[in-house]
$ cat coords_30.tsv   # TSV, C-alpha atoms and all ligand atoms
chain	number	residue	atom	x	y	z
Y	71	MET	CA	2.42	10.38	25.18
Y	72	ASN	CA	2.43	10.57	28.97
Y	73	ASN	CA	4.33	8.75	31.66
Y	74	GLU	CA	1.52	7.51	33.86
Y	75	PRO	CA	2.36	4.07	35.29
Y	76	THR	CA	-0.12	1.91	33.34
Y	77	LYS	CA	0.62	-1.80	32.99
Y	78	PHE	CA	0.62	-2.67	29.30
Y	79	ILE	CA	2.26	-6.11	29.44
Y	80	ASP	CA	1.29	-8.73	32.02
Y	81	GLU	CA	3.45	-11.31	33.75
Y	82	ASN	CA	2.83	-13.77	30.88
Y	83	GLY	CA	4.19	-11.32	28.36
Y	84	LEU	CA	0.74	-10.58	26.95
Y	85	ARG	CA	-0.49	-7.14	26.01
Y	86	VAL	CA	-3.85	-5.58	26.92
Y	87	ASP	CA	-5.45	-7.11	23.83
Y	88	GLY	CA	-3.89	-10.53	24.41
Y	89	ARG	CA	-1.14	-10.27	21.80
Y	90	ARG	CA	2.53	-11.02	22.27
Y	91	THR	CA	4.98	-8.18	21.76
Y	92	ASP	CA	5.84	-9.28	18.20
Y	93	GLU	CA	2.32	-9.98	16.98
Y	94	ILE	CA	0.30	-7.86	14.60
Y	95	ARG	CA	-3.47	-7.49	14.87
Y	96	PRO	CA	-5.61	-9.62	12.55
Y	97	MET	CA	-5.95	-8.09	9.09
Y	98	LYS	CA	-8.73	-8.61	6.56
Y	99	VAL	CA	-8.58	-7.28	3.02
Y	100	ASP	CA	-11.14	-6.93	0.25
Y	101	ILE	CA	-9.99	-5.62	-3.14
Y	102	GLY	CA	-12.23	-3.92	-5.72
Y	103	VAL	CA	-15.08	-2.89	-3.45
Y	104	LEU	CA	-16.02	0.39	-5.16
Y	105	SER	CA	-17.48	0.26	-8.66
Y	106	ARG	CA	-16.89	3.92	-9.55
Y	107	ALA	CA	-13.24	3.96	-8.52
Y	108	ASP	CA	-10.52	2.71	-10.86
Y	109	GLY	CA	-9.16	0.72	-7.96
Y	110	SER	CA	-10.20	0.23	-4.37
Y	111	CYS	CA	-9.57	-1.74	-1.24
Y	112	TYR	CA	-11.33	-2.14	2.09
Y	113	LEU	CA	-9.06	-3.14	4.94
Y	114	GLU	CA	-9.74	-4.06	8.55
Y	115	TRP	CA	-6.82	-4.25	10.91
Y	116	GLY	CA	-7.80	-4.93	14.49
Y	117	ASN	CA	-10.47	-2.30	15.07
Y	118	ASN	CA	-9.29	-0.05	12.26
Y	119	LYS	CA	-11.55	0.13	9.22
Y	120	ILE	CA	-10.17	1.86	6.15
Y	121	ILE	CA	-11.28	2.28	2.59
Y	122	SER	CA	-8.87	3.37	-0.14
Y	123	ALA	CA	-9.93	4.47	-3.60
Y	124	VAL	CA	-7.76	5.28	-6.60
Y	125	TYR	CA	-8.83	7.46	-9.54
Y	126	GLY	CA	-6.68	7.87	-12.60
Y	127	PRO	CA	-4.22	8.31	-14.09
Y	128	ARG	CA	-6.19	11.20	-15.58
Y	129	GLU	CA	-5.22	14.58	-16.94
Y	130	LEU	CA	-4.13	16.93	-14.17
Y	131	HIS	CA	-5.82	20.32	-13.87
Y	132	PRO	CA	-4.72	23.03	-13.59
Y	133	ARG	CA	-2.17	22.21	-16.26
Y	134	ARG	CA	0.58	24.20	-14.58
Y	135	MET	CA	0.63	21.48	-11.91
Y	136	GLN	CA	1.40	18.81	-14.52
Y	137	ARG	CA	4.74	17.06	-14.78
Y	138	PRO	CA	5.72	16.50	-18.42
Y	139	ASP	CA	7.75	13.42	-17.49
Y	140	ALA	CA	5.55	11.71	-14.93
Y	141	ALA	CA	2.25	11.42	-13.14
Y	142	VAL	CA	1.71	13.30	-9.91
Y	143	ILE	CA	0.55	11.20	-6.97
Y	144	ARG	CA	-2.05	13.03	-4.91
Y	145	TYR	CA	-2.74	11.20	-1.66
Y	146	LYS	CA	-5.51	12.29	0.67
Y	147	TYR	CA	-5.87	10.76	4.12
Y	148	ASN	CA	-9.06	11.62	5.96
Y	149	MET	CA	-10.66	10.53	9.20
Y	150	ALA	CA	-14.45	10.36	9.07
Y	151	SER	CA	-16.01	12.45	11.83
Y	152	PHE	CA	-17.55	9.27	13.28
Y	153	SER	CA	-14.30	7.29	13.19
Y	154	VAL	CA	-13.10	8.23	16.67
Y	155	GLU	CA	-14.63	8.44	20.14
Y	156	ASP	CA	-14.80	12.22	20.20
Y	157	ARG	CA	-16.30	13.45	16.97
Y	158	GLN	CA	-13.57	14.37	14.50
Y	159	ARG	CA	-14.00	17.85	13.07
Y	160	PRO	CA	-14.67	17.46	9.33
Y	161	GLY	CA	-12.18	18.90	6.86
Y	162	PRO	CA	-8.42	18.98	6.64
Y	163	SER	CA	-6.29	19.35	9.74
Y	164	ARG	CA	-2.56	19.70	10.30
Y	165	ARG	CA	-2.47	16.00	11.17
Y	166	SER	CA	-4.31	14.84	8.04
Y	167	SER	CA	-2.20	17.13	5.82
Y	168	GLU	CA	0.98	15.73	7.31
Y	169	ILE	CA	-0.18	12.12	6.93
Y	170	SER	CA	-1.29	12.78	3.35
Y	171	LYS	CA	2.12	14.25	2.49
Y	172	VAL	CA	4.24	11.50	4.02
Y	173	SER	CA	1.97	8.78	2.62
Y	174	SER	CA	2.22	10.25	-0.87
Y	175	GLU	CA	6.01	10.19	-0.51
Y	176	ALA	CA	5.84	6.58	0.66
Y	177	PHE	CA	4.53	5.65	-2.80
Y	178	GLU	CA	6.80	7.81	-4.93
Y	179	PRO	CA	9.67	5.31	-5.18
Y	180	VAL	CA	7.40	2.45	-6.28
Y	181	VAL	CA	4.70	3.86	-8.55
Y	182	MET	CA	5.92	3.85	-12.16
Y	183	THR	CA	4.71	7.38	-12.75
Y	184	GLN	CA	6.99	7.80	-15.77
Y	185	PHE	CA	4.44	5.95	-17.88
Y	186	TYR	CA	1.78	8.59	-17.30
Y	187	PRO	CA	3.12	12.10	-18.03
Y	188	ASN	CA	0.89	15.11	-17.35
Y	189	THR	CA	-1.55	13.08	-15.32
Y	190	VAL	CA	-2.55	12.75	-11.71
Y	191	ILE	CA	-3.16	9.59	-9.74
Y	192	ASP	CA	-5.58	10.39	-6.92
Y	193	VAL	CA	-5.47	8.16	-3.88
Y	194	PHE	CA	-8.10	8.68	-1.18
Y	195	SER	CA	-7.83	6.87	2.12
Y	196	GLU	CA	-10.84	7.26	4.35
Y	197	VAL	CA	-10.67	6.10	7.95
Y	198	LEU	CA	-14.09	4.77	8.94
Y	199	GLU	CA	-13.01	3.53	12.36
Y	200	ALA	CA	-9.74	4.39	14.04
Y	201	ASP	CA	-7.86	2.42	16.65
Y	202	ALA	CA	-4.23	3.50	16.13
Y	203	GLY	CA	-2.11	2.67	13.12
Y	204	THR	CA	-4.51	4.27	10.67
Y	205	ARG	CA	-1.79	5.86	8.51
Y	206	THR	CA	-0.05	2.50	8.10
Y	207	ALA	CA	-3.37	0.69	7.54
Y	208	ALA	CA	-4.24	3.27	4.88
Y	209	ILE	CA	-0.90	2.74	3.10
Y	210	ASN	CA	-1.48	-1.02	3.06
Y	211	ALA	CA	-4.96	-0.54	1.61
Y	212	ALA	CA	-3.84	2.11	-0.89
Y	213	THR	CA	-1.12	-0.22	-2.23
Y	214	LEU	CA	-3.76	-2.78	-3.14
Y	215	ALA	CA	-6.11	-0.12	-4.52
Y	216	LEU	CA	-3.32	1.14	-6.82
Y	217	ILE	CA	-2.75	-2.36	-8.13
Y	218	ASP	CA	-6.49	-2.83	-8.55
Y	219	ALA	CA	-6.47	0.37	-10.64
Y	220	GLY	CA	-3.94	-1.21	-12.99
Y	221	ILE	CA	-1.12	1.13	-12.07
Y	222	PRO	CA	2.25	-0.60	-12.32
Y	223	LEU	CA	4.23	-0.68	-9.10
Y	224	LYS	CA	7.80	-1.81	-8.67
Y	225	SER	CA	6.92	-3.33	-5.34
Y	226	LEU	CA	4.26	-3.67	-2.73
Y	227	VAL	CA	4.43	-1.13	0.08
Y	228	SER	CA	3.74	-2.66	3.47
Y	229	ALA	CA	3.43	-0.52	6.57
Y	230	CYS	CA	3.30	-1.12	10.29
Y	231	ALA	CA	4.17	0.68	13.51
Y	232	VAL	CA	6.43	-0.37	16.32
Y	233	GLY	CA	6.51	1.30	19.71
Y	234	LYS	CA	7.48	1.06	23.33
Y	235	VAL	CA	5.32	0.32	26.36
Y	236	ASP	CA	6.41	-0.72	29.86
Y	237	GLY	CA	9.97	-0.27	28.62
Y	238	GLN	CA	9.50	-3.01	25.98
Y	239	LEU	CA	9.30	-2.78	22.23
Y	240	VAL	CA	5.95	-3.89	20.82
Y	241	LEU	CA	4.76	-4.37	17.26
Y	242	ASP	CA	1.63	-2.76	15.82
Y	243	LEU	CA	0.40	-0.54	18.65
Y	244	ASN	CA	-3.25	-0.48	19.60
Y	245	LYS	CA	-4.88	2.79	20.64
Y	246	LYS	CA	-4.02	2.56	24.33
Y	247	GLU	CA	-0.41	1.70	23.57
Y	248	ASP	CA	-0.21	4.43	20.95
Y	249	ASN	CA	-1.80	7.17	23.06
Y	250	GLU	CA	-0.25	6.28	26.43
Y	251	GLY	CA	2.97	4.48	25.54
Y	252	GLU	CA	6.52	5.77	25.41
Y	253	ALA	CA	7.13	5.75	21.65
Y	254	ASP	CA	5.40	5.18	18.30
Y	255	LEU	CA	7.38	4.58	15.11
Y	256	PRO	CA	5.35	4.00	11.93
Y	257	VAL	CA	7.30	2.55	9.01
Y	258	ALA	CA	6.57	1.61	5.38
Y	259	ILE	CA	8.86	-0.79	3.53
Y	260	THR	CA	9.10	-2.13	-0.03
Y	261	GLN	CA	9.77	-5.74	-0.92
Y	262	ASP	CA	13.44	-4.82	-1.39
Y	263	GLY	CA	13.56	-3.50	2.15
Y	264	GLU	CA	13.63	0.14	1.08
Y	265	ILE	CA	12.10	2.34	3.76
Y	266	THR	CA	9.64	4.78	2.20
Y	267	LEU	CA	8.12	6.14	5.40
Y	268	LEU	CA	9.62	6.52	8.82
Y	269	GLN	CA	8.24	8.75	11.54
Y	270	MET	CA	8.76	8.79	15.25
Y	271	ASP	CA	6.87	10.11	18.22
Y	272	GLY	CA	8.38	9.69	21.71
Y	273	HIS	CA	11.82	8.55	22.76
Y	274	LEU	CA	13.91	5.51	21.85
Y	275	THR	CA	17.63	4.95	22.31
Y	276	GLU	CA	19.83	4.16	19.31
Y	277	ASP	CA	19.88	0.48	20.26
Y	278	GLU	CA	16.13	0.43	20.68
Y	279	ILE	CA	15.69	1.98	17.25
Y	280	LYS	CA	17.84	-0.78	15.72
Y	281	GLN	CA	15.79	-3.47	17.48
Y	282	ALA	CA	12.56	-1.69	16.64
Y	283	MET	CA	13.50	-1.68	12.95
Y	284	GLU	CA	14.09	-5.43	13.03
Y	285	LEU	CA	10.73	-5.97	14.71
Y	286	VAL	CA	8.82	-3.71	12.36
Y	287	LYS	CA	10.50	-5.24	9.29
Y	288	ASN	CA	9.15	-8.56	10.44
Y	289	GLY	CA	5.69	-7.05	10.88
Y	290	CYS	CA	5.81	-5.53	7.40
Y	291	GLN	CA	6.79	-8.90	5.94
Y	292	GLN	CA	3.74	-10.48	7.56
Y	293	ILE	CA	1.58	-7.74	6.05
Y	294	GLN	CA	3.24	-8.15	2.67
Y	295	GLN	CA	2.24	-11.80	2.79
Y	296	ILE	CA	-1.38	-10.85	3.52
Y	297	GLN	CA	-1.31	-8.38	0.61
Y	298	ARG	CA	0.12	-11.01	-1.72
Y	299	GLU	CA	-2.48	-13.54	-0.70
Y	300	ALA	CA	-5.27	-10.99	-1.25
Y	301	LEU	CA	-3.90	-10.25	-4.73
Y	302	LEU	CA	-3.55	-13.91	-5.58
Y	303	LYS	CA	-7.11	-14.49	-4.43
Y	304	LYS	CA	-8.39	-11.63	-6.57
Y	305	PHE	CA	-6.17	-11.89	-9.64
Y	306	GLY	CA	-4.21	-15.08	-9.18
Y	307	GLN	CA	-3.47	-17.82	-11.61
Y	308	TYR	CA	-4.18	-20.72	-9.34
Y	309	GLU	CA	-7.01	-23.18	-9.76
Y	310	GLY	CA	-10.38	-21.55	-9.31
Y	311	ALA	CA	-9.25	-18.08	-10.35
Y	312	ASP	CA	-11.72	-16.55	-12.78
Y	313	THR	CA	-9.60	-13.61	-13.96
Y	314	GLU	CA	-8.03	-13.76	-17.38
Y	315	ILE	CA	-4.25	-13.57	-17.30
Y	316	GLN	CA	-2.56	-12.31	-20.44
Y	317	SER	CA	0.57	-10.57	-21.56
Y	318	VAL	CA	-0.01	-7.19	-23.18
Y	319	PRO	CA	2.55	-4.54	-24.12
Y	320	LEU	CA	2.27	-1.46	-21.98
Y	321	THR	CA	2.34	0.72	-25.11
Y	322	GLU	CA	-1.32	-0.16	-25.49
Y	323	THR	CA	-1.98	1.50	-22.18
Y	324	SER	CA	0.46	4.36	-22.78
Y	325	SER	CA	-1.18	5.37	-26.01
Y	326	LYS	CA	-4.44	5.60	-24.14
Y	327	GLN	CA	-2.83	7.99	-21.71
Y	328	GLU	CA	-1.78	10.27	-24.56
Y	329	THR	CA	-5.38	11.06	-25.25
Y	330	GLU	CA	-7.00	13.89	-23.32
Y	331	SER	CA	-8.83	11.59	-20.95
Y	332	VAL	CA	-8.21	8.08	-19.83
Y	333	ASP	CA	-10.44	5.64	-21.65
Y	334	THR	CA	-11.54	3.36	-18.89
Y	335	GLU	CA	-13.78	1.37	-21.22
Y	336	SER	CA	-10.75	-0.15	-22.88
Y	337	SER	CA	-8.70	-2.88	-21.38
Y	338	GLU	CA	-6.50	-1.75	-18.56
Y	339	LEU	CA	-3.21	-3.28	-17.76
Y	340	ILE	CA	-2.33	-4.39	-14.34
Y	341	SER	CA	1.20	-5.57	-14.52
Y	342	SER	CA	3.58	-6.14	-11.78
Y	343	ASN	CA	6.26	-8.41	-10.51
Y	344	ILE	CA	5.12	-7.80	-7.01
Y	345	LEU	CA	3.90	-11.31	-6.57
Y	346	SER	CA	7.32	-12.57	-7.45
Y	347	ASP	CA	9.78	-13.11	-4.66
Y	348	GLU	CA	12.51	-11.74	-6.89
Y	349	SER	CA	13.36	-8.15	-6.13
Y	350	SER	CA	13.76	-5.57	-8.87
Y	351	GLU	CA	17.39	-5.38	-7.82
Y	352	ASN	CA	17.79	-9.01	-8.78
Y	353	GLN	CA	16.22	-8.32	-12.14
Y	354	GLU	CA	18.60	-5.45	-12.73
Y	355	GLU	CA	21.52	-7.62	-11.73
Y	356	SER	CA	20.42	-10.25	-14.22
Y	357	GLY	CA	21.08	-7.69	-16.96
Y	358	GLU	CA	17.53	-7.45	-18.28
Y	359	GLU	CA	16.81	-4.07	-19.77
Y	360	GLN	CA	13.72	-2.18	-18.77
Y	361	GLU	CA	12.37	-0.08	-21.60
Y	362	PRO	CA	10.58	3.02	-20.47
Y	363	ASP	CA	7.48	2.38	-22.52
Y	364	THR	CA	7.26	-1.36	-22.77
Y	365	LEU	CA	7.09	-4.16	-20.33
Y	366	ASP	CA	9.55	-6.41	-22.12
Y	367	ILE	CA	10.97	-7.44	-18.82
Y	368	LEU	CA	7.57	-8.50	-17.67
Y	369	GLU	CA	6.98	-10.47	-20.83
Y	370	ASP	CA	10.37	-12.13	-20.51
Y	371	GLU	CA	9.40	-13.25	-17.08
Y	372	THR	CA	6.09	-14.55	-18.35
Y	373	GLU	CA	7.89	-16.55	-21.03
Y	374	GLN	CA	10.27	-17.90	-18.48
Y	375	SER	CA	7.45	-18.94	-16.24
Y	376	GLU	CA	5.76	-20.66	-19.16
Y	377	ASP	CA	9.00	-22.54	-19.84
Y	378	ASN	CA	9.18	-23.62	-16.25
Y	379	GLU	CA	5.52	-24.18	-15.70
Y	380	ASP	CA	6.17	-27.19	-13.54
Y	381	ASP	CA	8.42	-25.21	-11.23
Y	382	SER	CA	6.14	-22.29	-10.75
Y	383	ASP	CA	3.97	-22.01	-7.70
Y	384	GLU	CA	2.00	-19.22	-6.09
Y	385	GLU	CA	5.15	-17.69	-4.70
Y	386	ASP	CA	7.12	-17.54	-7.93
Y	387	PHE	CA	4.93	-16.77	-10.80
Y	388	PHE	CA	4.87	-13.52	-12.58
Y	389	VAL	CA	1.50	-12.04	-13.16
Y	390	GLU	CA	0.13	-9.74	-15.75
Y	391	ILE	CA	-3.53	-9.22	-15.55
Y	392	VAL	CA	-5.71	-7.64	-18.12
Y	393	ARG	CA	-8.85	-6.40	-16.56
Y	394	ASN	CA	-11.69	-5.35	-18.82
Y	395	ASN	CA	-13.12	-2.37	-17.07
Y	396	THR	CA	-16.68	-1.99	-18.14
Y	397	GLU	CA	-17.65	0.46	-15.46
Y	398	GLY	CA	-17.41	3.47	-17.77
Y	399	GLU	CA	-15.44	6.62	-17.17
Y	400	SER	CA	-14.83	7.18	-13.50
Y	401	ASP	CA	-15.81	10.32	-11.69
Y	402	ASP	CA	-13.77	12.37	-9.36
Y	403	GLN	CA	-14.93	10.88	-6.11
Y	501	LIG	N1	-6.98	9.70	17.35
Y	501	LIG	C1	-8.16	10.31	17.73
Y	501	LIG	N2	-8.37	11.58	17.30
Y	501	LIG	C2	-7.48	12.28	16.55
Y	501	LIG	C3	-6.30	11.63	16.18
Y	501	LIG	C4	-6.07	10.34	16.58
Y	501	LIG	O1	-8.98	9.72	18.40
Y	501	LIG	O2	-7.73	13.43	16.22
Y	501	LIG	C5	-6.75	8.30	17.76
Y	501	LIG	C6	-7.11	7.34	16.63
Y	501	LIG	O3	-7.65	6.15	17.20
Y	501	LIG	C7	-5.79	7.11	15.99
Y	501	LIG	C8	-4.90	7.05	17.22
Y	501	LIG	O4	-5.39	8.08	18.06
Y	501	LIG	O5	-5.78	5.92	15.25
Y	501	LIG	C9	-3.44	7.28	16.94
Y	501	LIG	O6	-3.26	8.45	16.21
Y	501	LIG	P1	-1.93	8.82	15.48
Y	501	LIG	O7	-1.94	10.30	15.25
Y	501	LIG	O8	-0.77	8.23	16.18
Y	501	LIG	O9	-2.08	8.16	14.03
Y	501	LIG	P2	-2.23	6.65	13.60
Y	501	LIG	O10	-1.54	5.79	14.61
Y	501	LIG	O11	-3.70	6.36	13.54
Y	501	LIG	O12	-1.58	6.58	12.26
$ encode --input "coords_30.tsv" --output "structure tokens" --more "lines below"
Ligand code: UDP
Amino acid sequence: MNNEPTKFIDENGLRVDGRRTDEIRPMKVDIGVLSRADGSCYLEWGNNKIISAVYGPRELHPRRMQRPDAAVIRYKYNMASFSVEDRQRPGPSRRSSEISKVSSEAFEPVVMTQFYPNTVIDVFSEVLEADAGTRTAAINAATLALIDAGIPLKSLVSACAVGKVDGQLVLDLNKKEDNEGEADLPVAITQDGEITLLQMDGHLTEDEIKQAMELVKNGCQQIQQIQREALLKKFGQYEGADTEIQSVPLTETSSKQETESVDTESSELISSNILSDESSENQEESGEEQEPDTLDILEDETEQSEDNEDDSDEEDFFVEIVRNNTEGESDDQ
């Protein structure tokens, strides 16, 4: 950050890339792009290009790192050396270690790791081209890659940055705004509004932080919508979808996890209520019990949606997707 007097917003209220202060850059998403990964997603956001790949759950080595009650999420953010103007030095840096740590923590509240004891879920986010907002872009891509891998999530995680240029709050900073502006505040939010990542670089007053949070929440909701649409396109139940939708007890998947390695030739379960507008809080309030090793609640919802078939639309339905993974056992990377 520096304080040189650059003009970031013109007299018409437009930013250097033509956006209004509350607009996000265009986002394009492609799910399932890597055949050797258990789940993957390619995401373009403005000039950012990110690929996220998920491997696992698989047995964690060394065993002393295992958690007997849950899977460990191992998130690795990396910038390719060709992703920035000045060549990025290959290998880990303080910055990439920090981003990997906070991104991993951004997923901890939503990934249902309790179903996969002693295992690791590896998430790799590779930045192919960087133009500010890469950590948030990577979180958005990784969310979809996790779902593509069949790992149950309680919610989507949607991430976006808000910042300050020319004394004004702006959503989703581009590189110039990020590098030369007055503040940068990346945030990740669940569908229930839970904040799972919040960092800040620069200076904002208390009031500005409150306004910034409102602005960024709105940005995250827009991204959530893009994520939902991408999922519906890939796995959805609407006319033209070619993916089989079934209800399968999670125990089928859990028993697989009890074996030494994960059998990726068998059916995998992708189950989630993330396409439903109803928050998990609402489900809890409705008194439905969530068994630790079954997805009764998910099946209940499926039954309900069958009962109310006429009422269901893209926004409401509850999806369970069984994906037959015929790619064979996945490799490390
Ligand atoms: N950047 C760069 N080299 C670096 C780090 C960052 O060129 O070593 C650029 C890159 O375009 C990045 C932007 O500066 O997207 C903002 O970086 P920041 O650390 O704020 O992370 P990001 O906004 O990408 O999450």
$ closest_atom_pairs --input "coords_30.tsv" --of "chain Y" --to "ligand LIG 501 (chain Y)" --cutoff "8 Å" --atoms "only C-alpha atoms and all ligand atoms" --output "JSON lines"
{"residue": "Y:Asn118", "atom": "CA", "partner": "Y:LIG501", "partner_atom": "O5", "distance": 7.5}
{"residue": "Y:Ser153", "atom": "CA", "partner": "Y:LIG501", "partner_atom": "O1", "distance": 7.8}
{"residue": "Y:Val154", "atom": "CA", "partner": "Y:LIG501", "partner_atom": "O1", "distance": 4.7}
{"residue": "Y:Glu155", "atom": "CA", "partner": "Y:LIG501", "partner_atom": "O1", "distance": 6.0}
{"residue": "Y:Asp156", "atom": "CA", "partner": "Y:LIG501", "partner_atom": "O1", "distance": 6.6}
{"residue": "Y:Gln158", "atom": "CA", "partner": "Y:LIG501", "partner_atom": "O2", "distance": 6.2}
{"residue": "Y:Arg165", "atom": "CA", "partner": "Y:LIG501", "partner_atom": "O7", "distance": 7.0}
{"residue": "Y:Ile169", "atom": "CA", "partner": "Y:LIG501", "partner_atom": "O12", "distance": 7.8}
{"residue": "Y:Glu199", "atom": "CA", "partner": "Y:LIG501", "partner_atom": "O3", "distance": 7.7}
{"residue": "Y:Ala200", "atom": "CA", "partner": "Y:LIG501", "partner_atom": "O3", "distance": 4.2}
{"residue": "Y:Asp201", "atom": "CA", "partner": "Y:LIG501", "partner_atom": "O3", "distance": 3.8}
{"residue": "Y:Ala202", "atom": "CA", "partner": "Y:LIG501", "partner_atom": "O5", "distance": 3.0}
{"residue": "Y:Gly203", "atom": "CA", "partner": "Y:LIG501", "partner_atom": "O10", "distance": 3.5}
{"residue": "Y:Thr204", "atom": "CA", "partner": "Y:LIG501", "partner_atom": "O11", "distance": 3.6}
{"residue": "Y:Arg205", "atom": "CA", "partner": "Y:LIG501", "partner_atom": "O12", "distance": 3.8}
{"residue": "Y:Thr206", "atom": "CA", "partner": "Y:LIG501", "partner_atom": "O12", "distance": 6.0}
{"residue": "Y:Ala207", "atom": "CA", "partner": "Y:LIG501", "partner_atom": "O12", "distance": 7.8}
{"residue": "Y:Ala231", "atom": "CA", "partner": "Y:LIG501", "partner_atom": "O10", "distance": 7.7}
{"residue": "Y:Leu243", "atom": "CA", "partner": "Y:LIG501", "partner_atom": "O10", "distance": 7.8}
{"residue": "Y:Lys245", "atom": "CA", "partner": "Y:LIG501", "partner_atom": "C8", "distance": 5.5}
{"residue": "Y:Asp248", "atom": "CA", "partner": "Y:LIG501", "partner_atom": "C9", "distance": 5.9}
{"residue": "Y:Asn249", "atom": "CA", "partner": "Y:LIG501", "partner_atom": "O4", "distance": 6.2}
{"residue": "Y:Asp254", "atom": "CA", "partner": "Y:LIG501", "partner_atom": "O8", "distance": 7.2}
{"residue": "Y:Pro256", "atom": "CA", "partner": "Y:LIG501", "partner_atom": "O12", "distance": 7.4}
$ closest_residue --input "coords_30.tsv" --among "Y:Arg144, Y:His273, Y:Lys224, Y:Arg137" --to "Pro179 of chain Y" --atoms "only C-alpha atoms"
Y:Lys224
$ residues_around --input "coords_30.tsv" --residues "Asn148 of chain Y" --least-positions-apart "4" --cutoff "7 Å" --atoms "all atoms listed in the file" --output "list in words"
Ser166, Ser195, Glu196 and Val197 of chain Y
$ closest_residue --input "coords_30.tsv" --among "Y:Asp277, Y:Glu114, Y:Glu168, Y:Glu252" --to "Gln238 of chain Y" --atoms "only C-alpha atoms"
Y:Glu252
$ residues_around --input "coords_30.tsv" --residues "Leu267 of chain Y" --least-positions-apart "3" --cutoff "8 Å" --atoms "all atoms listed in the file" --output "list of chain:residue names"
Y:Val172, Y:Ser173, Y:Glu175, Y:Ala176, Y:Pro256, Y:Val257, Y:Ala258, Y:Ile259
$ residues_around --input "coords_30.tsv" --residues "Leu84 of chain Y" --least-positions-apart "5" --cutoff "12 Å" --atoms "all atoms listed in the file" --output "PyMOL selection string"
chain Y and resi 77-79+89-93+235-236+238+240
$ write_last_selection --input "coords_30.tsv" --atoms "C-alpha atoms" --output "tab-separated table (two decimals), in the coordinates of the input"
chain	number	residue	atom	x	y	z
Y	77	LYS	CA	0.62	-1.80	32.99
Y	78	PHE	CA	0.62	-2.67	29.30
Y	79	ILE	CA	2.26	-6.11	29.44
Y	89	ARG	CA	-1.14	-10.27	21.80
Y	90	ARG	CA	2.53	-11.02	22.27
Y	91	THR	CA	4.98	-8.18	21.76
Y	92	ASP	CA	5.84	-9.28	18.20
Y	93	GLU	CA	2.32	-9.98	16.98
Y	235	VAL	CA	5.32	0.32	26.36
Y	236	ASP	CA	6.41	-0.72	29.86
Y	238	GLN	CA	9.50	-3.01	25.98
Y	240	VAL	CA	5.95	-3.89	20.82
$ closest_residue --input "coords_30.tsv" --among "Y:Leu113, Y:Leu345, Y:Cys290, Y:Ala140" --to "Ile217 of chain Y" --atoms "only C-alpha atoms"
Y:Leu345
$ residues_around --input "coords_30.tsv" --residues "Asp100 of chain Y" --least-positions-apart "5" --cutoff "8 Å" --atoms "all atoms listed in the file" --output "PyMOL selection string"
chain Y and resi 111-113+300
$ write_last_selection --input "coords_30.tsv" --atoms "C-alpha atoms" --output "mmCIF file, in the frame of the given file"
data_model
loop_
_atom_site.group_PDB
_atom_site.id
_atom_site.type_symbol
_atom_site.label_atom_id
_atom_site.label_comp_id
_atom_site.auth_asym_id
_atom_site.auth_seq_id
_atom_site.Cartn_x
_atom_site.Cartn_y
_atom_site.Cartn_z
ATOM 1 C CA CYS Y 111 -9.570 -1.740 -1.240
ATOM 2 C CA TYR Y 112 -11.330 -2.140 2.090
ATOM 3 C CA LEU Y 113 -9.060 -3.140 4.940
ATOM 4 C CA ALA Y 300 -5.270 -10.990 -1.250
#
$ residues_near_point --input "coords_30.tsv" --point "(12.1, -3.4, 12.8)" --cutoff "12 Å" --atoms "only C-alpha atoms" --output "ChimeraX atom specification"
/Y:92,229-233,239-242,255-259,263,265,268,277-291
$ closest_residue --input "coords_30.tsv" --among "Y:Met135, Y:Ile296, Y:Val142, Y:Val124" --to "Asp108 of chain Y" --atoms "only C-alpha atoms"
Y:Val124
$ atom_distance --input "coords_30.tsv" --atom1 "atom CA of Arg134 of chain Y" --atom2 "atom CA of Ala219 of chain Y"
25.2 Å
$ closest_residue --input "coords_30.tsv" --among "Y:Thr213, Y:Gln261, Y:Asn244, Y:Gln295" --to "Arg95 of chain Y" --atoms "only C-alpha atoms"
Y:Asn244
$ closest_residue --input "coords_30.tsv" --among "Y:Ile120, Y:Leu104, Y:Val86, Y:Val99" --to "Leu214 of chain Y" --atoms "all atoms listed in the file"
Y:Val99
$ atom_distance --input "coords_30.tsv" --atom1 "atom CA of Pro160 of chain Y" --atom2 "atom CA of Val193 of chain Y"
18.6 Å
